[in-house]
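Since the structure comes first, as structure tokens, the remarks are kept for the end.
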Amino acid sequence: MTNRMNKPSLQDDSYTPMLSPWRVKAKISMIFVIIIGFLLFSSNRTGVDLQTLFNGIGNMNQIFEKMFPLNFDILGPAFNRLFETIHMALIASTFSTLIVIPVSLLAASNITTNWFVYNTTRFIMNVLRTIPDVVLAVIFVGLFGIGVFGGIVALFVFSLGILAKLISETVESADMQPVEAMRASGANTIQAIAYGVVPQVLPQFTSFSLYVFEINIRASVVIGLVGAGGIGSLLMSQFSFNNYGAVMTIILVIFFVVILIEWISGKIREAIL
Amino acid sequence: MSQQLPPKRKRSMKSKIKIVFIILAVLLLYIWTFASISIDFTRVVERFSSNYGRVVPQLFSPNWDRAGEVIEMMIETIFIAYVGSLAAAIIAVPLGFIAAFNMSGSKIIATFGKWVLSGVRAFPEIILAILFVVAVGPTPFAGILAIAIGSTGMLGKLYAEVLESIDMNVVEAMEANGANKIQIMFHGIIPQVIPEFLSYAIYRFEIDVRASTILGYVGAGGIGTMIFFAQSNRNWSDMGMILFVIIVVVTIIDYASTYIRRKIV
């Protein structure tokens, strides 16, 4: 940081010599000490112990010995559950991209001029975004019973928070002059939004929807662990039976599918933007 | 004055076929999804009506008696995220150098490095946590390892992108003046990338706080342990307390990290 500030250049008017190198150095050292101090303190509190790690790596070896050979009998059910996971993610992403359209308009300051509505929507969406996906899944599974439906609702709420933030920011950065021109020539609000704002945000909107689909695939694996259906449930049950060959097979399946879907949606996004 | 619409954009036969193909694929995907998903709506409605009274009012009346305990666990969660992301921020530096093609000097090594980093990123933290709980036992240390490995993937990739975008003229000039590799590193490269590296590391800490709240669910320490017990005991007012603390703490950390990052870059 300091070097950038002191890059000597005669043409540069903003070049100011460092007033007190001693003071800057002291400041940086202070920050460094605080970072290291907090690190030592928190490693102490959480019981970080390299000895455990080295012992654990021996343990890990045993686990890997147990995990290979892979158990290919599980592949059939694993793929069935995997398709369930993809379906959950697809349904949740579809509904959240539909619902997010009005929500993001309400949370964009250039569209919603009502102070109260704008801030309330923003506040609710910000709170939603802070709740981890697993906690949402625990709540909705508790509400709707074990199964796919609770998972879909959890994913829906989870992705709504993310999408609302991303898309309302895009809407806020849209050029408002076409909208003003349309209003001046007599278009109503809906028309002005449909023909003035939507064409500007559509590419980002599509890209963000794909991004949320990617996130949802990963999240739906995770929320399965708490009983929300999909491949995560299968993983958790095999894990609790100590059936490590099957666990490793499932993890590898998840791994390749996540990479494949990321690759496909990356290609599509490249084509759109 | 006659008015007419502007002429329609001409599309080639190839792009028309492509569009039709994409629409068909998406349509088939949806048909497949809705045909094969099995939701028993009568059971869902039944469960909902019987559970609603037990869950929702409890959730909104947090159990304040356990506030101290919950906050203590949340602090442990923050410690896990801190140690994990700091370790990742350091481990990711050499990996980022390997994966940046203007640093490693070979496209093959750089591409391979990026592949490995993306591969690491594809594992959700909680699955890594399962592996580490098996390896080092159900302690916060397992959570730290999971966070550290999981964050290394993303940070390494971001670092590599930062390194690829630096001004190489400085490096060339130093080389021409006879600076050795270490001098180039500390006076030519590091000063250019430090602000971005720090900013990404802090951003990752923000994500890690969120991620580490759930690691305890598989036994890797932190507030997730309490989530697990609250779920198994169906103690929804405890869950409300946990949720409240998570929301407040995550919001504070988000604001703080945004503020610091704005100051750095």
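Chain identifiers are assigned as A, B, and so on, following the order in which chains appear in the structure tokens; residues are numbered from 1 within each chain, and ligands are numbered from 1 in order of appearance.
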
**OP:** Pull out every residue of chain B sitting within 7 Å of chain A, counting only C-alpha atoms, and send them as a PyMOL selection string.
**Re:** chain B and resi 33+37+39+44+47-48+51-52+55+76+79-80+83+122-124+135-136+140-141+191+195+210+214+231+247+250-251

What would the file look like if the residues just selected were written as an mmCIF file, in the first residue's frame with C-alpha atoms?
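Here's the written file out_21.cif:
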data_model
loop_
_atom_site.group_PDB
_atom_site.id
_atom_site.type_symbol
_atom_site.label_atom_id
_atom_site.label_comp_id
_atom_site.auth_asym_id
_atom_site.auth_seq_id
_atom_site.Cartn_x
_atom_site.Cartn_y
_atom_site.Cartn_z
ATOM 1 C CA THR B 33 -38.023 -32.614 -13.599
ATOM 2 C CA ILE B 37 -40.099 -35.378 -8.744
ATOM 3 C CA ILE B 39 -43.872 -34.668 -3.602
ATOM 4 C CA VAL B 44 -46.798 -31.923 3.303
ATOM 5 C CA ARG B 47 -47.284 -32.025 8.471
ATOM 6 C CA PHE B 48 -47.360 -28.289 8.014
ATOM 7 C CA ASN B 51 -46.056 -28.564 13.009
ATOM 8 C CA TYR B 52 -46.787 -24.898 12.409
ATOM 9 C CA VAL B 55 -42.298 -24.453 15.299
ATOM 10 C CA GLU B 76 -15.661 -20.242 18.801
ATOM 11 C CA PHE B 79 -12.207 -18.296 15.810
ATOM 12 C CA ILE B 80 -12.556 -21.302 13.499
ATOM 13 C CA VAL B 83 -7.725 -19.363 11.804
ATOM 14 C CA ALA B 122 -16.045 -28.089 -5.918
ATOM 15 C CA PHE B 123 -16.099 -29.773 -2.491
ATOM 16 C CA PRO B 124 -18.640 -28.189 -0.150
ATOM 17 C CA ALA B 135 -9.138 -37.905 10.517
ATOM 18 C CA VAL B 136 -8.581 -35.733 13.608
ATOM 19 C CA PRO B 140 -12.875 -27.459 16.257
ATOM 20 C CA PHE B 141 -9.533 -28.323 14.679
ATOM 21 C CA PRO B 191 3.644 -4.287 -3.770
ATOM 22 C CA PRO B 195 -4.133 -4.655 -1.630
ATOM 23 C CA ARG B 210 -21.126 -18.137 7.335
ATOM 24 C CA ILE B 214 -22.839 -25.186 10.021
ATOM 25 C CA GLN B 231 -32.888 -30.087 15.839
ATOM 26 C CA ILE B 247 -28.006 -13.097 11.976
ATOM 27 C CA VAL B 250 -22.918 -12.205 10.417
ATOM 28 C CA THR B 251 -24.444 -8.799 9.680
#

Subject >> Selection near segment 161-176 of chain A, 10 Å with only C-alpha atoms, sequence-local residues under 6 positions removed, as JSON, numbers by chain >> reply: {"A": [93, 96, 97, 99, 100, 101, 102, 103, 104, 105, 106, 107, 108, 109, 110, 111, 121, 122, 124, 125, 126, 127, 128, 129, 130, 131, 192, 193, 196, 197, 198, 199, 200, 201, 202, 204, 205, 208, 209, 211, 212, 215]}

Subject >> Selection: 8 Å around Thr249 of chain A, only C-alpha atoms, excl. self and same-chain fewer than 4 positions, as a VMD selection string >> reply: chain A and resid 70 to 72 74 to 75 245 253

Just write the chosen residues, N, CA, C and O atoms, as a PDB file, in the first residue's frame.
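Output file selection-v5.pdb is given in full below:
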ATOM      1  N   LEU A  70     -13.543 -48.562  -4.184  1.00  0.00           N
ATOM      2  CA  LEU A  70     -14.836 -47.903  -4.193  1.00  0.00           C
ATOM      3  C   LEU A  70     -15.938 -48.952  -4.274  1.00  0.00           C
ATOM      4  O   LEU A  70     -15.735 -50.052  -4.789  1.00  0.00           O
ATOM      5  N   ASN A  71     -17.079 -48.559  -3.730  1.00  0.00           N
ATOM      6  CA  ASN A  71     -18.228 -49.456  -3.739  1.00  0.00           C
ATOM      7  C   ASN A  71     -19.151 -49.045  -4.884  1.00  0.00           C
ATOM      8  O   ASN A  71     -19.896 -48.083  -4.776  1.00  0.00           O
ATOM      9  N   PHE A  72     -19.072 -49.795  -5.990  1.00  0.00           N
ATOM     10  CA  PHE A  72     -19.838 -49.358  -7.165  1.00  0.00           C
ATOM     11  C   PHE A  72     -21.294 -49.791  -7.107  1.00  0.00           C
ATOM     12  O   PHE A  72     -22.086 -49.371  -7.938  1.00  0.00           O
ATOM     13  N   ILE A  74     -23.314 -48.802  -5.059  1.00  0.00           N
ATOM     14  CA  ILE A  74     -24.089 -47.645  -4.622  1.00  0.00           C
ATOM     15  C   ILE A  74     -24.399 -46.713  -5.795  1.00  0.00           C
ATOM     16  O   ILE A  74     -25.244 -45.838  -5.684  1.00  0.00           O
ATOM     17  N   LEU A  75     -23.718 -46.922  -6.936  1.00  0.00           N
ATOM     18  CA  LEU A  75     -23.862 -45.978  -8.044  1.00  0.00           C
ATOM     19  C   LEU A  75     -25.309 -45.827  -8.502  1.00  0.00           C
ATOM     20  O   LEU A  75     -25.752 -44.709  -8.779  1.00  0.00           O
ATOM     21  N   GLY A 245     -16.508 -47.003   1.630  1.00  0.00           N
ATOM     22  CA  GLY A 245     -16.382 -47.182   0.174  1.00  0.00           C
ATOM     23  C   GLY A 245     -17.501 -46.463  -0.549  1.00  0.00           C
ATOM     24  O   GLY A 245     -17.280 -45.717  -1.514  1.00  0.00           O
ATOM     25  N   VAL A 253     -18.931 -38.839  -7.152  1.00  0.00           N
ATOM     26  CA  VAL A 253     -20.035 -38.531  -8.069  1.00  0.00           C
ATOM     27  C   VAL A 253     -20.409 -37.055  -7.945  1.00  0.00           C
ATOM     28  O   VAL A 253     -20.521 -36.332  -8.947  1.00  0.00           O
TER      29      VAL A 253
END
